[in-house]
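Some notes on the structure that comes next.
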Number of protein chains: 2
Amino acid sequence: MHEQILELLENKQYIQLKELIEHLEPADIAITFEELPERLRPLLFRLLPKETAAEVFVELDSDMQEALITGFSDSELKEVVDELYVDDAVDIIEEMPANVVKRILRHATPEMRNDINQMLRYPPDSAGSLMTTEFVDLKKNMTVEDAFTHIRRTGMDKETIYTCYVIDQNRILEGLVSVKDLLLSDYSCSISDIMETDIIYVNTTDDQEDVAMLFEKYDFLAIPVVDNEKRLVGIVTVDDAIDVLQEEATEDIEKMAAITPSDKPYLKTGVFETFRQRIPWLLLLMISATFTGSIINSYENAFLTYSVLTSFIPMLMDTGGNSGSQSSVTIIRGLSLGDITFRDTFKVLFKELRVAFCCGITLASANFIKLMTFDRVGFNIAVVVCSSLVCTVLFAKVIGGLLPIVAKKIGFDPAVMASPFITTIVDAASLMIYFRIATAILHIV
Amino acid sequence: MHEQILELLENKQYIQLKELIEHLEPADIAITFEELPERLRPLLFRLLPKETAAEVFVELDSDMQEALITGFSDSELKEVVDELYVDDAVDIIEEMPANVVKRILRHATPEMRNDINQMLRYPPDSAGSLMTTEFVDLKKNMTVEDAFTHIRRTGMDKETIYTCYVIDQNRILEGLVSVKDLLLSDYSCSISDIMETDIIYVNTTDDQEDVAMLFEKYDFLAIPVVDNEKRLVGIVTVDDAIDVLQEEATEDIEKMAAITPSDKPYLKTGVFETFRQRIPWLLLLMISATFTGSIINSYENAFLTYSVLTSFIPMLMDTGGNSGSQSSVTIIRGLSLGDITFRDTFKVLFKELRVAFCCGITLASANFIKLMTFDRVGFNIAVVVCSSLVCTVLFAKVIGGLLPIVAKKIGFDPAVMASPFITTIVDAASLMIYFRIATAILHIV
């Protein structure tokens, strides 16, 4: 498809090109833009129907948006800005340099400029910064017929018309009514009779992740956003909630892998930026690992007497690390999804203990057989290795289970606190356990 | 709230209870069920309005559903089953023992029984098993007015009415029209004039993750599902797509942490089941780690001469493991989100090489300073440790970047193949690199 568009553009077959584009989704046209040489992008953009142009523009990445805006004439810019939803306009503006922002705002209608400025004041990652201000508002003394007339007159520019919000003269949210309810009611019904008044809503300052989780829980298409006076100021739609859920999952995954999260896709991030996302954790974890090394030093005697002990260090450290991260990752994800809360601490602890016991015994048995038959180490050494294994797994799973919950309780991010550190903590602990048990059983002084 | 409901139930204040419940969302009532003692659950369930009862039932976990069904009279069961959407009924049935399934099917209408049986035949995790068969279908010779009449007559039981599908007499999908388009068009308009004919649809056998990703890309509320003859058989709605995206993210996270994924929440999974999810990987990784141990053994000479070398093993192994998992996790998530494809292999390789080089140099410099000033090891030892560090980071990041892409290309799951194994591979490699460099620089034979 991309090749076809490129060919039509190069051959200036604009009529065929317009016909082809008509049948494409904005998201797919946006992908084509990335494949095109830069000089052809403004040309393709000008060939798009007005409404499609705005939808495609939203899907482009910010470098491309900036390049296009720079090339726009004032009237072209105004056309695109007029078609944008306020929440999309805000997202675009947040990524642009100041001079481009000024130019965009100059070409927005006074009403839109006002909305944009208002939304730029909400904290990042809040419901206020995620919401759109374009929704259908009804009054409760309207009839269903009035409502339909109102929707027909104003609905074209609304991001969703399927949930309509009932507000009083002070814009206080009083109820909501879905288009489904409207369609299934008589024309003469009063809105106040059919509206739903038990409304789940969020505040402008609520965290966007909490808002997105409400969509997962209640299967909403949109959720109203109110200010501190309970005045309706906007709505969050389900498509934005999906993006937030995906972003938050990516962030959690990155934090668990000891990466400072970024909201840019990997291939769009520069080498230096990727380096900056990764190096602080690598440095920190490298330094903490040197403490693990110093544990080995302080038990140098054990090695000199039983040099075979060294060869089990990787196995113990790895198994401990894996056991711990299995637990911590499960609990971190459970906390993110709201399946696990602080109240469940004891349940988690008890469960991890039992699972750890089963895992420890199984691993130790397998290892014992291997040690006695293949490696043919002495019985004492086998006992040292296997009992260290059981203790390490127990320790790793309990810490892995508790640390995320405790981190969250005291206000830290569980994914950051628990996951990168768990390996370091467990590494050090497994060595301590190993050498303590070794010195005790093998009578090393 | 839960306490209040419990109190009202215990005091038999059913009228107040009914009033209270009326204002609650089904998802919240379902949470209350979990908090209630088992004997009170059927009582509360019978107090729910018929339609709410079905919605709450869907949200309960399968053990509770089974217990409730067992206590239902035949007419109660029929009432609940009648109110269920087909896709929810199928989800419930899949978790029930055979005798309960038989009882449910006996009380379904013949039409619903047929739909359920049909859907049970689709592969698990396919679009067919995710879809619902309850959608609004229109004919293209209808007018907008006809369409509204049709929606008013049949819309009540449909999972969504906001996207309507136009089919011919053989049920072949011809177009779609949104209620927004209907509302903004004249009553006399023909559906064929306003319907969208460039439809994005999926096949019943398509993977549910691919289907869910389409929602993220195109911001749909529903997507049509067709069979091999292009007949429309169902639709997938956005709320189910959200659940799939969340499940798939959880699965990826579990696989990365060397856990066999399960679709049950942590607290609902038994100890033995959790043990079974975790132990295969722990065993496998433990065994592979013993090979790492044998590398240490084969370089025993190096230790005996320079016993200080041992103390840097944890630092090298951990840093290598962290570097590798940073890369592999980033690439795995990028593959899942569709940001990275096989075509990008070279870009990934080149980027990882440069990032690894920057990280390696930084880590080595920090380490070199520490080794010379705090640890005061010899210059040669410091050179050995630091050059091993650079090589290990380079190796780890390149393998971490490439392995997921290669795994996906040859048909393996990138999260399973790349993430748990990366530590083992990098551990072994880091030791080999370390000892090779040590023997070369320190002239050990």
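By order in the structure tokens, chains are A, B, ...; within a chain, residues start at 1; ligands start at 1, following the order shown.
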>> Using only C-alpha atoms, which protein or nucleic acid residues come within 12 Å of Leu337 of chain B? Drop anything in the same chain fewer than 5 positions from it, and give the result as number ranges by chain.
In response: A: 243, 246-247, 249-250, 265-266; B: 209-210, 212-214, 216-217, 245, 248-249, 252, 330-332
Write a file of the selected residues as an mmCIF file, in the first residue's frame, keeping N, CA and C atoms.
```
data_model
loop_
_atom_site.group_PDB
_atom_site.id
_atom_site.type_symbol
_atom_site.label_atom_id
_atom_site.label_comp_id
_atom_site.auth_asym_id
_atom_site.auth_seq_id
_atom_site.Cartn_x
_atom_site.Cartn_y
_atom_site.Cartn_z
ATOM 1 N N ASP A 243 -5.145 3.644 25.791
ATOM 2 C CA ASP A 243 -3.759 4.097 25.632
ATOM 3 C C ASP A 243 -3.062 4.215 26.992
ATOM 4 N N GLN A 246 -2.175 0.746 28.361
ATOM 5 C CA GLN A 246 -1.018 0.190 27.663
ATOM 6 C C GLN A 246 0.271 0.885 28.095
ATOM 7 N N GLU A 247 0.213 2.220 28.203
ATOM 8 C CA GLU A 247 1.390 2.964 28.648
ATOM 9 C C GLU A 247 1.821 2.549 30.050
ATOM 10 N N ALA A 249 1.226 -0.254 31.600
ATOM 11 C CA ALA A 249 1.798 -1.602 31.603
ATOM 12 C C ALA A 249 3.241 -1.549 31.112
ATOM 13 N N THR A 250 3.486 -0.760 30.051
ATOM 14 C CA THR A 250 4.848 -0.631 29.531
ATOM 15 C C THR A 250 5.769 -0.028 30.594
ATOM 16 N N PRO A 265 8.245 5.420 21.836
ATOM 17 C CA PRO A 265 8.576 4.064 21.402
ATOM 18 C C PRO A 265 10.089 3.927 21.209
ATOM 19 N N TYR A 266 10.589 2.708 21.401
ATOM 20 C CA TYR A 266 12.012 2.411 21.353
ATOM 21 C C TYR A 266 12.717 2.983 20.123
ATOM 22 N N GLU B 209 -5.341 -11.353 20.722
ATOM 23 C CA GLU B 209 -4.424 -10.247 20.970
ATOM 24 C C GLU B 209 -4.343 -9.330 19.742
ATOM 25 N N ASP B 210 -4.287 -9.934 18.548
ATOM 26 C CA ASP B 210 -4.257 -9.127 17.323
ATOM 27 C C ASP B 210 -5.537 -8.308 17.201
ATOM 28 N N ALA B 212 -7.447 -7.255 19.692
ATOM 29 C CA ALA B 212 -7.422 -6.180 20.691
ATOM 30 C C ALA B 212 -6.516 -5.035 20.240
ATOM 31 N N MET B 213 -5.399 -5.377 19.570
ATOM 32 C CA MET B 213 -4.481 -4.334 19.116
ATOM 33 C C MET B 213 -5.150 -3.418 18.077
ATOM 34 N N LEU B 214 -6.107 -3.953 17.315
ATOM 35 C CA LEU B 214 -6.822 -3.126 16.343
ATOM 36 C C LEU B 214 -7.627 -2.037 17.041
ATOM 37 N N GLU B 216 -6.746 -0.591 19.824
ATOM 38 C CA GLU B 216 -5.790 0.430 20.228
ATOM 39 C C GLU B 216 -5.415 1.321 19.042
ATOM 40 N N LYS B 217 -5.260 0.683 17.880
ATOM 41 C CA LYS B 217 -4.804 1.423 16.712
ATOM 42 C C LYS B 217 -5.899 2.328 16.149
ATOM 43 N N LEU B 245 -6.208 -6.936 26.393
ATOM 44 C CA LEU B 245 -4.941 -6.193 26.438
ATOM 45 C C LEU B 245 -4.307 -6.306 27.818
ATOM 46 N N GLU B 248 -3.008 -9.891 28.306
ATOM 47 C CA GLU B 248 -1.809 -10.172 27.523
ATOM 48 C C GLU B 248 -0.590 -9.488 28.133
ATOM 49 N N ALA B 249 -0.787 -8.267 28.674
ATOM 50 C CA ALA B 249 0.322 -7.580 29.333
ATOM 51 C C ALA B 249 0.753 -8.383 30.558
ATOM 52 N N ASP B 252 2.699 -11.434 29.443
ATOM 53 C CA ASP B 252 4.067 -11.089 29.050
ATOM 54 C C ASP B 252 4.942 -10.860 30.279
ATOM 55 N N THR B 330 12.788 -4.404 26.768
ATOM 56 C CA THR B 330 12.368 -3.304 25.888
ATOM 57 C C THR B 330 11.930 -3.844 24.532
ATOM 58 N N ILE B 331 12.707 -4.751 23.993
ATOM 59 C CA ILE B 331 12.393 -5.272 22.655
ATOM 60 C C ILE B 331 11.132 -6.146 22.702
ATOM 61 N N ILE B 332 10.991 -6.958 23.756
ATOM 62 C CA ILE B 332 9.810 -7.824 23.865
ATOM 63 C C ILE B 332 8.542 -6.981 23.914
#
```
> Would you give me, as a ChimeraX atom specification, the residues in segment 64-305 of chain B that DSSP reads as alpha helix (DSSP H)?
Replying inline: /B:64-71,74-83,86-95,98-107,110-120,127-130,144-154,179-183,191-194,208-218,238-256,271-298,300-305
Could you save the residues just selected, with C-alpha atoms, as a compact mmCIF listing (two decimals), in the first residue's frame?
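Heads up, here's the output in result_21.txt:
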```
# COMPACT_ATOMS: atom_id res chain seq x y z
CA MET B 64 -18.99 -18.58 43.40
CA GLN B 65 -20.93 -18.91 40.17
CA GLU B 66 -20.93 -22.67 40.51
CA ALA B 67 -22.11 -22.51 44.13
CA LEU B 68 -24.94 -20.15 43.20
CA ILE B 69 -26.05 -22.26 40.22
CA THR B 70 -26.12 -25.36 42.40
CA GLY B 71 -28.51 -23.58 44.75
CA ASP B 74 -34.77 -24.37 37.58
CA SER B 75 -36.80 -21.22 37.04
CA GLU B 76 -34.17 -19.04 38.75
CA LEU B 77 -31.46 -20.51 36.57
CA LYS B 78 -33.54 -19.88 33.45
CA GLU B 79 -34.04 -16.23 34.44
CA VAL B 80 -30.32 -15.64 34.83
CA VAL B 81 -29.38 -17.52 31.66
CA ASP B 82 -31.98 -15.60 29.64
CA GLU B 83 -30.42 -12.30 30.69
CA VAL B 86 -23.92 -15.18 24.70
CA ASP B 87 -20.23 -14.35 25.06
CA ASP B 88 -20.56 -14.10 28.84
CA ALA B 89 -22.52 -17.37 28.96
CA VAL B 90 -19.70 -19.07 27.05
CA ASP B 91 -17.06 -17.67 29.42
CA ILE B 92 -19.02 -19.03 32.40
CA ILE B 93 -19.64 -22.42 30.81
CA GLU B 94 -15.97 -22.91 30.03
CA GLU B 95 -15.15 -22.86 33.75
CA ALA B 98 -19.93 -30.99 32.93
CA ASN B 99 -23.09 -31.49 34.98
CA VAL B 100 -23.50 -27.74 35.57
CA VAL B 101 -22.90 -27.07 31.87
CA LYS B 102 -25.67 -29.52 30.97
CA ARG B 103 -28.04 -27.82 33.37
CA ILE B 104 -27.26 -24.36 31.97
CA LEU B 105 -27.72 -25.50 28.37
CA ARG B 106 -31.02 -27.20 29.24
CA HIS B 107 -32.37 -23.85 30.47
CA PRO B 110 -32.81 -23.20 21.64
CA GLU B 111 -31.38 -20.21 19.78
CA MET B 112 -28.97 -19.34 22.58
CA ARG B 113 -27.99 -23.01 23.01
CA ASN B 114 -27.13 -23.08 19.35
CA ASP B 115 -25.00 -19.93 19.60
CA ILE B 116 -23.23 -21.22 22.70
CA ASN B 117 -22.42 -24.56 21.10
CA GLN B 118 -21.15 -22.80 18.00
CA MET B 119 -18.87 -20.53 20.04
CA LEU B 120 -17.51 -23.38 22.15
CA ALA B 127 -11.79 -13.79 17.92
CA GLY B 128 -14.59 -16.38 17.67
CA SER B 129 -14.39 -17.24 21.35
CA LEU B 130 -14.21 -13.56 22.33
CA VAL B 144 -32.56 5.82 8.43
CA GLU B 145 -36.09 5.81 9.87
CA ASP B 146 -36.41 2.04 9.26
CA ALA B 147 -33.08 1.60 10.99
CA PHE B 148 -34.22 3.48 14.10
CA THR B 149 -37.45 1.44 14.19
CA HIS B 150 -35.37 -1.72 13.94
CA ILE B 151 -33.01 -0.58 16.71
CA ARG B 152 -35.91 0.39 18.96
CA ARG B 153 -37.49 -3.03 18.44
CA THR B 154 -34.42 -5.23 18.82
CA VAL B 179 -25.67 5.56 15.42
CA LYS B 180 -23.89 8.93 15.25
CA ASP B 181 -24.17 8.84 11.44
CA LEU B 182 -27.80 7.77 11.72
CA LEU B 183 -28.59 10.60 14.12
CA ILE B 191 -28.63 3.16 4.55
CA SER B 192 -26.73 2.27 1.39
CA ASP B 193 -25.94 5.97 0.93
CA ILE B 194 -24.51 6.59 4.36
CA GLN B 208 -7.58 -12.29 20.30
CA GLU B 209 -4.42 -10.25 20.97
CA ASP B 210 -4.26 -9.13 17.32
CA VAL B 211 -7.95 -8.21 17.51
CA ALA B 212 -7.42 -6.18 20.69
CA MET B 213 -4.48 -4.33 19.12
CA LEU B 214 -6.82 -3.13 16.34
CA PHE B 215 -8.89 -1.34 18.99
CA GLU B 216 -5.79 0.43 20.23
CA LYS B 217 -4.80 1.42 16.71
CA TYR B 218 -8.16 2.52 15.29
CA VAL B 238 -14.16 -2.59 23.26
CA ASP B 239 -14.70 -3.69 26.89
CA ASP B 240 -13.60 -7.23 26.00
CA ALA B 241 -10.66 -5.82 24.06
CA ILE B 242 -9.51 -3.95 27.19
CA ASP B 243 -9.61 -7.17 29.20
CA VAL B 244 -7.57 -8.96 26.55
CA LEU B 245 -4.94 -6.19 26.44
CA GLN B 246 -4.59 -6.31 30.22
CA GLU B 247 -4.41 -10.12 30.25
CA GLU B 248 -1.81 -10.17 27.52
CA ALA B 249 0.32 -7.58 29.33
CA THR B 250 0.09 -9.67 32.52
CA GLU B 251 1.04 -12.80 30.56
CA ASP B 252 4.07 -11.09 29.05
CA ILE B 253 5.14 -9.86 32.47
CA GLU B 254 4.77 -13.35 33.96
CA LYS B 255 6.70 -14.97 31.15
CA MET B 256 9.50 -12.42 31.51
CA VAL B 271 -0.70 -22.89 46.45
CA PHE B 272 -0.16 -26.01 44.36
CA GLU B 273 -1.18 -24.24 41.17
CA THR B 274 1.19 -21.34 41.88
CA PHE B 275 3.91 -23.91 42.63
CA ARG B 276 3.23 -25.57 39.26
CA GLN B 277 3.42 -22.21 37.47
CA ARG B 278 6.83 -21.50 38.93
CA ILE B 279 8.75 -24.71 39.47
CA PRO B 280 9.43 -25.82 35.86
CA TRP B 281 11.35 -22.64 35.11
CA LEU B 282 13.18 -22.66 38.42
CA LEU B 283 14.32 -26.23 37.77
CA LEU B 284 15.35 -25.53 34.20
CA LEU B 285 17.21 -22.36 35.10
CA MET B 286 18.86 -24.04 38.10
CA ILE B 287 20.21 -26.76 35.87
CA SER B 288 21.50 -24.29 33.31
CA ALA B 289 23.13 -22.31 36.11
CA THR B 290 25.12 -25.37 37.15
CA PHE B 291 26.83 -25.20 33.78
CA THR B 292 27.88 -21.69 34.69
CA GLY B 293 29.32 -23.20 37.86
CA SER B 294 31.33 -25.71 35.92
CA ILE B 295 32.94 -22.84 34.01
CA ILE B 296 34.31 -21.61 37.34
CA ASN B 297 35.64 -25.07 38.06
CA SER B 298 37.50 -25.30 34.80
CA GLU B 300 40.25 -23.15 39.10
CA ASN B 301 43.88 -22.23 38.47
CA ALA B 302 43.03 -18.58 38.04
CA PHE B 303 41.47 -18.51 41.50
CA LEU B 304 44.24 -20.26 43.26
CA THR B 305 46.70 -17.70 41.93
```
> Smallest atom-to-atom distance to Phe350 of chain B: which of A:Leu309, A:Val390, A:Leu43, A:Leu267, using only C-alpha atoms?
Replying inline: A:Leu267
>> What's around Leu316 of chain A at 12 Å? Count only C-alpha atoms, leave out sequence neighbours fewer than 3 positions away in its own chain, and write the answer as a PyMOL selection string.
In response: (chain A and resi 309-313+319-323+360+363-364+367+384-393+396+423+426-435) or (chain B and resi 282-283+285-290+292-293+314)
> Pick from A:Asp219, A:Lys18, A:Gly334, A:Thr160: nearest to Glu55 of chain B, with only C-alpha atoms counted?
Replying inline: A:Asp219
>> Give me the residues near Pro414 of chain A as a list in words, where near means some atom within 7 Å (using only C-alpha atoms) and where sequence neighbours in that chain fewer than 4 positions away do not count.
In response: Ile332, Pro404, Ile405, Ala407, Lys408 and Ala418 of chain A
File dump, residues just selected, C-alpha atoms, as a PDB file, in the first residue's frame:
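Full text of again.pdb as output:
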```pdb
ATOM      1  CA  ILE A 332       3.634  -5.860  41.547  1.00  0.00           C
ATOM      2  CA  PRO A 404       6.313  -4.483  46.770  1.00  0.00           C
ATOM      3  CA  ILE A 405       3.441  -4.233  49.255  1.00  0.00           C
ATOM      4  CA  ALA A 407       7.015  -0.137  49.144  1.00  0.00           C
ATOM      5  CA  LYS A 408       3.521   0.836  48.029  1.00  0.00           C
ATOM      6  CA  ALA A 418      11.006  -4.021  44.520  1.00  0.00           C
TER       7      ALA A 418
END
```
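Among the candidates A:Leu17, A:Ile172, A:Met156, A:Ile199, the one nearest to Leu184 of chain B when counting only C-alpha atoms is A:Met156.
Counting only C-alpha atoms, the residue from B:Ile235, B:Leu24, B:Ile381, B:Ala440 that sits nearest to chain A is B:Leu24.
Nearest to chain A of all the residues B:Thr237, B:Ser262, B:Gln326, B:Thr197 is B:Gln326, based on only C-alpha atoms.
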>> Rounded to one decimal, what separation in Å do you get between atom CA of Val348 of chain B and atom CA of Glu7 of chain A?
In response: 28.5 Å
